[in-house]
file structure33.cif (mmCIF, C-alpha atoms)
data_input
loop_
_atom_site.label_atom_id
_atom_site.label_comp_id
_atom_site.auth_asym_id
_atom_site.auth_seq_id
_atom_site.Cartn_x
_atom_site.Cartn_y
_atom_site.Cartn_z
CA MET N 1 2.04 26.89 250.98
CA LYS N 2 0.38 26.63 247.59
CA LYS N 3 0.12 30.42 247.53
CA ILE N 4 3.82 30.89 248.20
CA ILE N 5 4.79 28.55 245.38
CA GLN N 6 2.45 30.40 243.03
CA ILE N 7 4.00 33.74 244.00
CA ILE N 8 7.53 32.46 243.43
CA LEU N 9 6.61 30.84 240.12
CA VAL N 10 4.81 33.90 238.71
CA LEU N 11 7.56 36.32 239.71
CA THR N 12 10.28 34.06 238.32
CA ILE N 13 8.53 33.47 235.02
CA VAL N 14 7.68 37.16 234.52
CA GLY N 15 11.29 38.03 235.33
CA ILE N 16 12.72 35.47 232.91
CA ILE N 17 10.43 36.50 230.04
CA SER N 18 11.18 40.21 230.61
CA GLY N 19 14.91 39.59 230.79
CA ALA N 20 14.93 37.43 227.67
CA SER N 21 12.95 39.91 225.58
CA LEU N 22 15.22 42.75 226.71
CA VAL N 23 18.26 40.75 225.61
CA LEU N 24 16.73 40.36 222.16
CA VAL N 25 15.94 44.07 221.82
CA TYR N 26 19.37 45.02 223.17
CA ASN N 27 21.18 42.77 220.70
CA TYR N 28 19.26 44.33 217.86
CA THR N 29 19.62 48.00 218.88
CA SER N 30 23.08 48.25 220.46
CA PRO N 31 25.05 48.12 217.16
CA LEU N 32 22.74 50.81 215.76
CA ILE N 33 23.24 52.98 218.84
CA LEU N 34 27.04 52.67 218.48
CA ILE N 35 26.82 53.65 214.80
CA ASN N 36 24.76 56.72 215.72
CA GLN N 37 27.28 57.85 218.31
CA LYS N 38 30.15 57.35 215.87
CA LYS N 39 28.27 59.30 213.23
CA ILE N 40 27.79 62.28 215.57
CA THR N 41 31.52 62.34 216.41
CA GLU N 42 32.43 61.95 212.76
CA GLU N 43 30.18 64.77 211.58
CA ALA N 44 31.61 67.06 214.26
CA ILE N 45 35.19 66.22 213.28
CA TYR N 46 34.52 67.00 209.62
CA LYS N 47 32.76 70.19 210.58
CA VAL N 48 35.83 71.53 212.39
CA PHE N 49 38.06 70.20 209.57
CA PRO N 50 36.06 70.77 206.36
CA ASP N 51 38.98 69.47 204.24
CA GLY N 52 39.53 66.39 206.38
CA THR N 53 38.86 63.00 204.83
CA THR N 54 40.33 60.54 207.33
CA TYR N 55 40.79 60.57 211.05
CA LYS N 56 42.29 58.17 213.54
CA LYS N 57 42.11 58.03 217.27
CA ILE N 58 45.35 58.53 219.15
CA GLU N 59 45.49 55.47 221.34
CA LYS N 60 48.11 56.50 223.88
CA THR N 61 45.99 59.13 225.62
CA LYS N 62 43.04 58.60 227.89
CA GLU N 63 41.04 61.48 226.39
CA ASP N 64 39.54 61.11 222.92
CA ILE N 65 41.96 62.85 220.57
CA PHE N 66 41.70 62.36 216.83
CA LEU N 67 44.43 63.02 214.27
CA VAL N 68 42.79 64.37 211.10
CA GLU N 69 44.31 64.17 207.62
CA ASP N 70 43.16 65.36 204.20
CA LYS N 71 43.00 63.21 201.09
CA THR N 72 46.68 63.63 200.20
CA GLY N 73 47.65 62.40 203.65
CA LYS N 74 48.68 65.84 204.90
CA LYS N 75 48.28 66.28 208.63
CA LEU N 76 45.58 68.91 209.20
CA GLY N 77 45.58 68.90 212.96
CA TYR N 78 43.92 67.44 216.01
CA ALA N 79 40.25 67.19 216.91
CA PHE N 80 39.33 66.59 220.53
CA ILE N 81 36.31 66.73 222.77
CA ALA N 82 36.58 69.32 225.56
CA GLU N 83 34.03 69.23 228.34
CA GLY N 84 33.16 71.36 231.33
CA ASN N 85 30.36 73.12 233.14
CA GLY N 86 28.19 75.78 231.57
CA TYR N 87 25.52 77.96 233.12
CA GLN N 88 23.03 75.13 233.62
CA GLY N 89 24.73 71.86 232.82
CA LYS N 90 27.57 70.11 231.11
CA ILE N 91 28.87 71.42 227.79
CA ASP N 92 30.71 69.13 225.36
CA ILE N 93 32.60 70.77 222.52
CA MET N 94 34.45 69.26 219.58
CA VAL N 95 37.51 71.46 219.02
CA GLY N 96 39.77 71.42 215.97
CA ILE N 97 43.31 72.77 216.22
CA LYS N 98 46.16 73.03 213.72
CA PRO N 99 49.26 70.81 214.22
CA ASP N 100 51.26 73.73 215.67
CA LEU N 101 48.68 73.85 218.53
CA LYS N 102 48.37 77.62 218.16
CA THR N 103 45.40 78.19 215.86
CA LEU N 104 41.91 76.73 216.06
CA THR N 105 40.25 75.45 212.91
CA GLY N 106 36.75 75.57 214.38
CA ILE N 107 34.47 74.28 217.13
CA GLU N 108 31.17 72.45 217.30
CA VAL N 109 29.07 72.31 220.46
CA LEU N 110 27.99 68.69 220.84
CA GLU N 111 25.95 68.90 223.98
CA SER N 112 24.63 71.75 226.11
CA GLN N 113 21.65 72.56 228.30
CA GLU N 114 21.86 76.34 228.36
CA THR N 115 18.84 78.66 228.47
CA PRO N 116 16.96 78.48 225.16
CA GLY N 117 17.16 81.75 223.28
CA LEU N 118 20.05 83.07 225.38
CA GLY N 119 22.84 80.70 226.39
CA GLN N 120 21.81 78.10 223.87
CA GLU N 121 22.92 80.58 221.18
CA ILE N 122 26.42 79.11 221.69
CA THR N 123 25.30 76.30 219.38
CA THR N 124 24.60 78.66 216.48
CA ASN N 125 27.03 79.06 213.59
CA ASP N 126 27.25 82.80 214.25
CA PHE N 127 28.91 82.10 217.57
CA GLU N 128 30.86 79.01 216.58
CA ASN N 129 32.34 80.62 213.47
CA GLN N 130 34.15 83.19 215.63
CA PHE N 131 36.52 80.39 216.64
CA ILE N 132 37.72 79.67 213.11
CA ASN N 133 41.38 80.70 212.84
CA LEU N 134 41.37 82.00 216.40
CA GLN N 135 44.74 82.21 218.16
CA VAL N 136 44.94 80.20 221.38
CA SER N 137 48.30 81.45 222.62
CA PRO N 138 48.60 82.60 225.31
CA GLU N 139 44.86 81.91 225.71
CA ILE N 140 41.43 82.82 224.34
CA ASN N 141 39.70 85.87 225.78
CA TYR N 142 36.22 87.26 225.35
CA VAL N 143 35.05 90.84 225.03
CA ARG N 144 31.61 92.22 225.76
CA GLY N 145 29.52 94.57 223.66
CA LYS N 146 32.20 95.49 221.13
CA LYS N 147 33.93 93.88 218.21
CA PRO N 148 37.00 91.78 219.10
CA SER N 149 40.23 93.59 218.25
CA LYS N 150 42.92 90.99 218.95
CA PRO N 151 43.43 87.66 217.14
CA ASN N 152 42.76 85.72 220.35
CA GLU N 153 39.44 87.38 221.21
CA ILE N 154 35.81 86.50 220.60
CA GLN N 155 32.68 88.51 221.27
CA ALA N 156 30.47 87.15 224.06
CA ILE N 157 26.75 86.74 223.38
CA THR N 158 24.68 89.59 224.80
CA GLY N 159 22.72 88.33 227.81
CA ALA N 160 24.72 85.10 227.94
CA THR N 161 28.12 86.13 229.21
CA ILE N 162 28.38 83.13 231.54
CA SER N 163 27.71 80.64 228.78
CA SER N 164 30.19 82.39 226.48
CA LYS N 165 32.76 82.53 229.25
CA SER N 166 32.25 78.81 229.94
CA VAL N 167 32.86 77.90 226.32
CA VAL N 168 36.07 79.95 226.30
CA SER N 169 37.41 78.41 229.50
CA ILE N 170 36.41 74.87 228.46
CA ILE N 171 38.37 75.31 225.23
CA ASN N 172 41.35 76.88 227.02
CA ASN N 173 41.45 73.95 229.41
CA GLY N 174 41.05 71.47 226.61
CA VAL N 175 43.93 72.99 224.66
CA LYS N 176 46.11 72.87 227.77
CA ASN N 177 45.31 69.18 228.28
CA LEU N 178 45.94 68.48 224.63
CA LYS N 179 49.35 70.08 224.74
CA GLU N 180 50.35 67.80 227.58
CA ALA N 181 48.86 64.73 225.94
CA VAL N 182 50.55 65.03 222.55
CA LYS N 183 53.86 66.44 223.81
CA MET S 1 -16.82 48.85 224.44
CA ILE S 2 -16.47 52.07 222.47
CA ARG S 3 -16.73 54.03 225.73
CA ASP S 4 -13.55 52.30 226.95
CA PHE S 5 -11.78 54.05 224.11
CA THR S 6 -13.38 57.51 224.19
CA ARG S 7 -13.20 57.83 227.96
CA GLY S 8 -9.44 58.42 227.89
CA ILE S 9 -9.71 61.07 225.20
CA TRP S 10 -12.34 63.28 226.77
CA ARG S 11 -14.23 62.44 229.93
CA GLU S 12 -11.22 61.05 231.84
CA ASN S 13 -8.46 62.70 229.85
CA PRO S 14 -5.26 61.83 231.76
CA ILE S 15 -3.85 65.36 231.64
CA PHE S 16 -6.76 67.80 231.58
CA VAL S 17 -9.12 65.88 233.87
CA GLN S 18 -7.09 63.41 235.94
CA VAL S 19 -4.00 65.67 235.99
CA LEU S 20 -1.69 62.66 235.99
CA GLY S 21 1.84 62.28 234.64
CA MET S 22 2.68 65.93 235.13
CA CYS S 23 6.46 65.72 235.06
CA PRO S 24 6.89 64.57 231.43
CA THR S 25 3.97 66.82 230.49
CA LEU S 26 5.60 69.96 231.80
CA ALA S 27 9.18 69.08 230.95
CA VAL S 28 9.19 67.82 227.39
CA THR S 29 6.52 69.95 225.72
CA THR S 30 8.84 72.71 224.55
CA LYS S 31 8.01 71.81 220.94
CA GLY S 32 5.18 69.97 219.24
CA ILE S 33 7.42 67.22 217.90
CA PHE S 34 8.72 66.38 221.40
CA GLY S 35 5.15 66.19 222.72
CA LEU S 36 4.26 63.83 219.89
CA SER S 37 7.27 61.55 220.46
CA MET S 38 6.74 61.44 224.22
CA GLY S 39 3.04 60.70 223.63
CA LEU S 40 3.79 57.86 221.22
CA ALA S 41 6.41 56.30 223.51
CA THR S 42 3.90 56.39 226.39
CA LEU S 43 1.13 55.03 224.13
CA PHE S 44 3.35 52.08 223.14
CA VAL S 45 4.25 51.26 226.75
CA LEU S 46 0.65 51.67 227.90
CA ILE S 47 -0.85 49.36 225.26
CA CYS S 48 1.80 46.65 225.64
CA SER S 49 1.66 46.62 229.43
CA SER S 50 -2.14 46.70 229.54
CA VAL S 51 -2.41 43.74 227.18
CA ALA S 52 0.28 41.80 229.03
CA VAL S 53 -1.23 42.51 232.45
CA SER S 54 -4.70 41.63 231.24
CA LEU S 55 -3.46 38.33 229.79
CA ILE S 56 -1.89 37.15 233.04
CA ARG S 57 -4.35 38.83 235.43
CA LYS S 58 -5.83 35.52 236.60
CA ILE S 59 -2.58 33.81 237.56
CA VAL S 60 -0.90 36.75 239.32
CA PRO S 61 -1.36 36.49 243.08
CA ASN S 62 -2.78 39.66 244.61
CA GLN S 63 0.17 40.16 246.98
CA VAL S 64 2.75 40.58 244.23
CA ARG S 65 0.66 42.27 241.55
CA MET S 66 2.47 45.61 241.93
CA ALA S 67 5.88 43.99 241.54
CA VAL S 68 4.71 42.12 238.45
CA PHE S 69 3.16 45.25 236.89
CA THR S 70 6.33 47.23 237.51
CA VAL S 71 8.57 44.58 235.94
CA ILE S 72 6.33 44.43 232.87
CA ILE S 73 6.17 48.23 232.51
CA ALA S 74 9.93 48.60 233.00
CA THR S 75 10.58 46.02 230.30
CA PHE S 76 8.52 47.85 227.71
CA VAL S 77 9.93 51.24 228.71
CA THR S 78 13.50 49.97 228.27
CA MET S 79 12.53 48.60 224.85
CA ALA S 80 11.07 51.96 223.81
CA ASP S 81 14.19 53.72 225.10
CA TYR S 82 16.59 51.48 223.11
CA PHE S 83 14.41 51.80 220.05
CA LEU S 84 14.39 55.61 220.15
CA LYS S 85 18.15 55.68 220.75
CA ALA S 86 18.75 53.39 217.79
CA LYS S 87 16.31 54.86 215.28
CA PHE S 88 15.67 58.46 216.32
CA PRO S 89 18.79 59.70 218.15
CA PRO S 90 17.89 63.44 218.00
CA ILE S 91 14.48 62.81 219.58
CA SER S 92 15.99 60.50 222.16
CA LYS S 93 18.53 63.20 223.04
CA ALA S 94 15.84 65.87 223.35
CA LEU S 95 13.61 63.75 225.60
CA GLY S 96 16.63 62.83 227.72
CA PRO S 97 15.80 61.10 231.00
CA TYR S 98 12.03 61.40 230.48
CA VAL S 99 11.85 58.24 228.38
CA PRO S 100 13.24 55.95 231.11
CA LEU S 101 11.04 57.88 233.56
CA ILE S 102 7.90 56.57 231.85
CA VAL S 103 8.35 53.63 234.26
CA VAL S 104 7.09 55.81 237.10
CA ASN S 105 4.43 57.61 235.06
CA CYS S 106 1.31 57.18 237.16
CA ILE S 107 -0.98 56.98 234.13
CA ILE S 108 0.52 53.63 233.24
CA LEU S 109 0.57 51.96 236.65
CA GLY S 110 -2.84 53.55 237.28
CA ARG S 111 -4.43 51.92 234.25
CA GLN S 112 -2.97 48.51 235.16
CA GLU S 113 -4.31 48.71 238.69
CA ALA S 114 -7.65 50.30 237.85
CA PHE S 115 -8.49 48.60 234.58
CA ALA S 116 -6.23 46.01 232.92
CA SER S 117 -5.98 43.79 236.00
CA LYS S 118 -9.78 43.50 236.15
CA ASN S 119 -10.90 43.39 232.50
CA ASN S 120 -10.41 41.23 229.43
CA VAL S 121 -7.76 41.81 226.81
CA ALA S 122 -9.94 43.55 224.23
CA ARG S 123 -11.35 46.09 226.69
CA SER S 124 -7.93 46.67 228.27
CA PHE S 125 -6.47 47.29 224.84
CA LEU S 126 -9.17 49.87 224.00
CA ASP S 127 -8.78 51.54 227.38
CA ALA S 128 -5.00 51.79 226.94
CA LEU S 129 -5.40 53.08 223.39
CA GLY S 130 -7.87 55.76 224.53
CA MET S 131 -5.74 56.90 227.45
CA GLY S 132 -2.58 56.87 225.31
CA VAL S 133 -4.22 58.84 222.50
CA GLY S 134 -5.70 61.29 225.02
CA PHE S 135 -2.26 61.75 226.61
CA SER S 136 -0.57 62.18 223.21
CA LEU S 137 -3.15 64.69 221.94
CA SER S 138 -2.83 66.76 225.11
CA LEU S 139 0.97 66.79 224.83
CA ILE S 140 0.78 67.76 221.15
CA ILE S 141 -1.59 70.66 221.90
CA LEU S 142 0.54 71.83 224.81
CA GLY S 143 3.76 71.49 222.80
CA SER S 144 2.36 73.25 219.74
CA VAL S 145 0.98 76.19 221.72
CA ARG S 146 4.29 76.66 223.53
CA GLU S 147 6.31 76.25 220.35
CA PHE S 148 4.10 78.77 218.53
CA PHE S 149 4.61 81.48 221.15
CA ALA S 150 8.22 80.66 221.96
CA TYR S 151 9.62 80.21 218.46
CA GLY S 152 6.85 81.25 216.05
CA THR S 153 6.77 77.76 214.56
CA ILE S 154 4.56 74.67 214.86
CA PHE S 155 6.23 71.32 214.27
CA ASP S 156 9.25 73.29 213.02
CA VAL S 157 7.18 74.88 210.26
CA THR S 158 7.56 78.65 210.41
CA ILE S 159 4.21 80.34 210.98
CA LEU S 160 5.36 83.75 212.09
CA GLY S 161 8.19 85.25 210.09
CA LYS S 162 11.53 86.67 211.12
CA TRP S 163 9.90 89.79 212.59
CA TYR S 164 8.53 87.74 215.49
CA GLU S 165 10.43 88.42 218.69
CA HIS S 166 10.73 85.00 220.37
CA TRP S 167 8.73 84.85 223.58
CA VAL S 168 11.45 82.94 225.41
CA ILE S 169 9.55 82.27 228.63
CA MET S 170 7.05 80.02 226.82
CA GLY S 171 9.89 77.64 226.04
CA LEU S 172 11.02 77.63 229.67
CA PRO S 173 9.42 75.83 232.65
CA PRO S 174 7.13 78.77 233.61
CA GLY S 175 5.65 78.68 230.10
CA ALA S 176 4.65 75.07 230.69
CA PHE S 177 2.73 75.96 233.85
CA ILE S 178 1.05 78.97 232.28
CA THR S 179 -0.04 77.07 229.18
CA LEU S 180 -1.19 74.01 231.12
CA GLY S 181 -3.23 76.15 233.50
CA ILE S 182 -4.97 78.00 230.71
CA LEU S 183 -5.64 74.79 228.78
CA ILE S 184 -7.12 73.00 231.82
CA GLY S 185 -9.35 76.02 232.44
CA LEU S 186 -10.49 76.04 228.83
CA PHE S 187 -11.10 72.29 228.91
CA ASN S 188 -13.27 72.53 232.02
CA TRP S 189 -15.20 75.48 230.63
CA VAL S 190 -16.05 73.59 227.43
CA ASN S 191 -16.91 70.50 229.46
CA LYS S 192 -19.25 72.46 231.70
CA LYS S 193 -21.03 73.94 228.71
CA ILE S 194 -21.59 70.48 227.27
CA THR S 195 -22.84 68.82 230.47
CA GLY S 196 -24.98 71.88 231.15
CA ARG S 197 -26.70 71.55 227.81
CA ARG S 198 -27.18 67.80 228.32
CA GLN S 199 -28.89 68.26 231.67
CA LYS S 200 -31.06 70.98 230.26
CA LEU S 201 -32.23 68.68 227.47
CA LYS S 202 -32.93 65.87 229.90
CA SER S 203 -34.83 67.66 232.63
CA GLY S 204 -36.05 70.93 231.19
CA CYS S 205 -35.03 74.30 232.57
CA GLU S 206 -36.70 74.30 235.99
CA LYS S 207 -34.48 71.75 237.75
CA CYS S 208 -31.19 72.86 236.29
CA SER S 209 -29.09 75.70 237.61
CA ASN S 210 -26.14 75.31 235.28
CA CYS S 211 -26.97 78.23 233.11
CA ALA S 212 -28.22 81.68 233.95
CA SER S 213 -31.29 81.83 231.70
#
call {"tool": "encode", "arguments": {"input": "structure33.cif", "output": "structure tokens"}}
result
Amino acid sequence: MKKIIQIILVLTIVGIISGASLVLVYNYTSPLILINQKKITEEAIYKVFPDGTTYKKIEKTKEDIFLVEDKTGKKLGYAFIAEGNGYQGKIDIMVGIKPDLKTLTGIEVLESQETPGLGQEITTNDFENQFINLQVSPEINYVRGKKPSKPNEIQAITGATISSKSVVSIINNGVKNLKEAVK
Amino acid sequence: MIRDFTRGIWRENPIFVQVLGMCPTLAVTTKGIFGLSMGLATLFVLICSSVAVSLIRKIVPNQVRMAVFTVIIATFVTMADYFLKAKFPPISKALGPYVPLIVVNCIILGRQEAFASKNNVARSFLDALGMGVGFSLSLIILGSVREFFAYGTIFDVTILGKWYEHWVIMGLPPGAFITLGILIGLFNWVNKKITGRRQKLKSGCEKCSNCAS
């Protein structure tokens, strides 16, 4: 009997102390974690809209869509996070698009787990910069092994066609969803 | 006392001798900096849990010791995870699920069961420090070697210039196995040389067969 009481007491006390100390650490770190996440989103928005100075979230939609304006209050366009599957895992991309919903202003890959040295090249500026001023109507296409000739084409990365293709289709889907959301 | 510390670094090195905690070892050591951060996170958890377990070792009933150890370890791991997320988000992102997975790292539970639950606080602290430092050093070596071959850099400092064709496989899972295998072999070879010489000094050449001469 004495043993059982000791077991219950020790387990309870260890549990309470652990729980209490976790609450303390959580209260201290959770605001910092939120700030970090906001900072990542913010940096990505200003990367796809270099002239942007303010942004606000459009509340009506369930996806995260941000309306970006420059310092004179002129509407620059929308920034939104498009997500989908890549070659190895999920890819999250911040996409910027002009208010007419026809021309991209740029993209920034937020998260990806592609093959290092091959698919992961989608996160480099060389690849991302191809999307600046790219036409999205009717939709983005990719070409392999040659320079893009049409205003809605990008060149896929050699050896990483699937990753490049995924980025293109994630953005195409995202643009489609956006059109419905802000209509 | 001093042996409690050095044991983890060399004679019972958790990676090269005990071959424990392989999954973070193989998965996160794509770059030196990730090895270092993983090592430090594990070191923190190991020291805190060893001290805590050693402090309460006399009041914990034998039947529930595993449950108590696990709760203590999980608490410190969660703390380390929150802390990395709050202060070092890029590192936290790179290590991904391997920080929360320290909970099931057998080095930590192993040291609680084998050492901290039987020894006083000071010795448990030294033991944890030694094991943690040994683990960290091994991860740093592994990470640096892989980073050097895969990207031509060590701790993001360029060693080989632009001409270096990245040896991609070293940054991928097979590279981890290849490097670990070679390092363990090297470690054992050096170890054998040392023990061989020691025995030779102790007993003269007649009784020892460790070297050819």
call {"tool": "resolve_selection", "arguments": {"input": "structure33.cif", "expression": "the PyMOL selection byres ((chain S) within 12 of (chain N))", "output": "ChimeraX atom specification"}}
result
/S:30-31,49,52-53,56-90,92-94,96,147,150-151,165-173
call {"tool": "closest_residue", "arguments": {"input": "structure33.cif", "among": "N:Thr103, N:Gln120, N:Ser112, N:Gln155", "to": "Val136 of chain N", "atoms": "all atoms listed in the file"}}
result
N:Thr103
call {"tool": "atom_distance", "arguments": {"input": "structure33.cif", "atom1": "atom CA of Asp64 of chain N", "atom2": "atom CA of Gln135 of chain N"}}
result
22.2 Å
call {"tool": "resolve_selection", "arguments": {"input": "structure33.cif", "expression": "the PyMOL selection byres ((chain S and resi 128) around 8)", "output": "VMD selection string"}}
result
chain S and resid 5 43 46 to 47 50 111 124 to 127 129 to 132
call {"tool": "write_last_selection", "arguments": {"input": "structure33.cif", "atoms": "C-alpha atoms", "output": "PDB file, in the coordinates of the input"}}
result
ATOM      1  CA  PHE S   5     -11.780  54.050 224.110  1.00  0.00           C
ATOM      2  CA  LEU S  43       1.130  55.030 224.130  1.00  0.00           C
ATOM      3  CA  LEU S  46       0.650  51.670 227.900  1.00  0.00           C
ATOM      4  CA  ILE S  47      -0.850  49.360 225.260  1.00  0.00           C
ATOM      5  CA  SER S  50      -2.140  46.700 229.540  1.00  0.00           C
ATOM      6  CA  ARG S 111      -4.430  51.920 234.250  1.00  0.00           C
ATOM      7  CA  SER S 124      -7.930  46.670 228.270  1.00  0.00           C
ATOM      8  CA  PHE S 125      -6.470  47.290 224.840  1.00  0.00           C
ATOM      9  CA  LEU S 126      -9.170  49.870 224.000  1.00  0.00           C
ATOM     10  CA  ASP S 127      -8.780  51.540 227.380  1.00  0.00           C
ATOM     11  CA  LEU S 129      -5.400  53.080 223.390  1.00  0.00           C
ATOM     12  CA  GLY S 130      -7.870  55.760 224.530  1.00  0.00           C
ATOM     13  CA  MET S 131      -5.740  56.900 227.450  1.00  0.00           C
ATOM     14  CA  GLY S 132      -2.580  56.870 225.310  1.00  0.00           C
TER      15      GLY S 132
END
call {"tool": "residues_around", "arguments": {"input": "structure33.cif", "residues": "Phe135 of chain S", "least_positions_apart": "2", "cutoff": "10 Å", "atoms": "all atoms listed in the file", "output": "list in words"}}
result
Gly8, Ile9, Asn13, Pro14, Ile15, Phe16, Leu20, Gly21, Thr25, Gly35, Leu36, Met38, Gly39, Leu40, Thr42, Leu43, Ile107, Leu129, Gly130, Met131, Gly132, Val133, Leu137, Ser138, Leu139 and Ile140 of chain S
call {"tool": "closest_residue", "arguments": {"input": "structure33.cif", "among": "S:Pro24, S:Val19, S:Leu183, S:Val51", "to": "Pro100 of chain S", "atoms": "only C-alpha atoms"}}
result
S:Pro24
call {"tool": "closest_residue", "arguments": {"input": "structure33.cif", "among": "N:Ile154, N:Ala44, N:Leu101, N:Leu76", "to": "Glu180 of chain N", "atoms": "all atoms listed in the file"}}
result
N:Leu101
call {"tool": "resolve_selection", "arguments": {"input": "structure33.cif", "expression": "the PyMOL selection byres ((chain N and resi 176) around 12)", "output": "count of residues only"}}
result
24
call {"tool": "residues_near_point", "arguments": {"input": "structure33.cif", "point": "(27.1, 91.8, 226.2)", "cutoff": "10 Å", "atoms": "only C-alpha atoms", "output": "ChimeraX atom specification"}}
result
/N:143-146,155-161,164
call {"tool": "atom_distance", "arguments": {"input": "structure33.cif", "atom1": "atom CA of Val190 of chain S", "atom2": "atom CA of Trp10 of chain S"}}
result
11.0 Å
call {"tool": "residues_around", "arguments": {"input": "structure33.cif", "residues": "Ile91 of chain N", "least_positions_apart": "3", "cutoff": "12 Å", "atoms": "only C-alpha atoms", "output": "list in words"}}
result
Ile81, Ala82, Glu83, Gly84, Asn85, Gly86, Tyr87, Gln88, Met94, Glu108, Val109, Leu110, Glu111, Ser112, Gln113, Glu114, Gly119, Gln120, Ile122, Thr123, Ser163, Ser164, Lys165, Ser166, Val167, Val168, Ser169, Ile170 and Ile171 of chain N
call {"tool": "residues_around", "arguments": {"input": "structure33.cif", "residues": "Asn125 of chain N", "least_positions_apart": "4", "cutoff": "12 Å", "atoms": "only C-alpha atoms", "output": "VMD selection string"}}
result
chain N and resid 47 to 48 106 to 109 120 to 121 129 to 132
call {"tool": "atom_distance", "arguments": {"input": "structure33.cif", "atom1": "atom CA of Val157 of chain S", "atom2": "atom CA of Ala27 of chain S"}}
result
21.6 Å
call {"tool": "closest_residue", "arguments": {"input": "structure33.cif", "among": "N:Lys38, N:Lys147, N:Lys2, N:Lys74", "to": "Gly52 of chain N", "atoms": "all atoms listed in the file"}}
result
N:Lys74
call {"tool": "closest_residue", "arguments": {"input": "structure33.cif", "among": "S:Ala114, S:Val17, S:Leu55, S:Ala41", "to": "Ile184 of chain S", "atoms": "only C-alpha atoms"}}
result
S:Val17
call {"tool": "residues_around", "arguments": {"input": "structure33.cif", "residues": "Tyr98 of chain S", "least_positions_apart": "3", "cutoff": "8 Å", "atoms": "all atoms listed in the file", "output": "list of chain:residue names"}}
result
S:Pro24, S:Val28, S:Leu95, S:Leu101, S:Ile102
call {"tool": "closest_residue", "arguments": {"input": "structure33.cif", "among": "S:Ile194, S:Met22, S:Ile33, S:Ile141", "to": "Thr179 of chain S", "atoms": "only C-alpha atoms"}}
result
S:Ile141
call {"tool": "decode", "arguments": {"input": "structure33.cif", "residues": "segment 70-83 of chain S", "atoms": "N, CA and C atoms", "output": "mmCIF file, in the first residue's frame"}}
result
data_model
loop_
_atom_site.group_PDB
_atom_site.id
_atom_site.type_symbol
_atom_site.label_atom_id
_atom_site.label_comp_id
_atom_site.auth_asym_id
_atom_site.auth_seq_id
_atom_site.Cartn_x
_atom_site.Cartn_y
_atom_site.Cartn_z
ATOM 1 N N THR S 70 11.127 9.420 -18.801
ATOM 2 C CA THR S 70 10.605 9.882 -20.089
ATOM 3 C C THR S 70 9.932 11.248 -19.961
ATOM 4 N N VAL S 71 9.155 11.420 -18.861
ATOM 5 C CA VAL S 71 8.490 12.715 -18.663
ATOM 6 C C VAL S 71 9.546 13.817 -18.523
ATOM 7 N N ILE S 72 10.581 13.544 -17.741
ATOM 8 C CA ILE S 72 11.626 14.554 -17.533
ATOM 9 C C ILE S 72 12.320 14.887 -18.848
ATOM 10 N N ILE S 73 12.707 13.851 -19.606
ATOM 11 C CA ILE S 73 13.395 14.082 -20.879
ATOM 12 C C ILE S 73 12.496 14.870 -21.828
ATOM 13 N N ALA S 74 11.223 14.458 -21.916
ATOM 14 C CA ALA S 74 10.304 15.124 -22.850
ATOM 15 C C ALA S 74 10.149 16.596 -22.501
ATOM 16 N N THR S 75 10.134 16.889 -21.194
ATOM 17 C CA THR S 75 9.998 18.285 -20.787
ATOM 18 C C THR S 75 11.167 19.122 -21.304
ATOM 19 N N PHE S 76 12.380 18.621 -21.096
ATOM 20 C CA PHE S 76 13.542 19.400 -21.524
ATOM 21 C C PHE S 76 13.640 19.481 -23.051
ATOM 22 N N VAL S 77 13.236 18.408 -23.727
ATOM 23 C CA VAL S 77 13.270 18.444 -25.195
ATOM 24 C C VAL S 77 12.313 19.507 -25.724
ATOM 25 N N THR S 78 11.096 19.553 -25.139
ATOM 26 C CA THR S 78 10.123 20.548 -25.595
ATOM 27 C C THR S 78 10.654 21.958 -25.353
ATOM 28 N N MET S 79 11.311 22.143 -24.202
ATOM 29 C CA MET S 79 11.912 23.454 -23.922
ATOM 30 C C MET S 79 12.931 23.820 -24.997
ATOM 31 N N ALA S 80 13.828 22.874 -25.303
ATOM 32 C CA ALA S 80 14.861 23.137 -26.308
ATOM 33 C C ALA S 80 14.219 23.464 -27.656
ATOM 34 N N ASP S 81 13.143 22.730 -27.991
ATOM 35 C CA ASP S 81 12.465 22.942 -29.260
ATOM 36 C C ASP S 81 11.877 24.354 -29.340
ATOM 37 N N TYR S 82 11.143 24.760 -28.299
ATOM 38 C CA TYR S 82 10.572 26.122 -28.258
ATOM 39 C C TYR S 82 11.670 27.162 -28.359
ATOM 40 N N PHE S 83 12.754 26.907 -27.620
ATOM 41 C CA PHE S 83 13.828 27.895 -27.582
ATOM 42 C C PHE S 83 14.442 28.080 -28.967
#
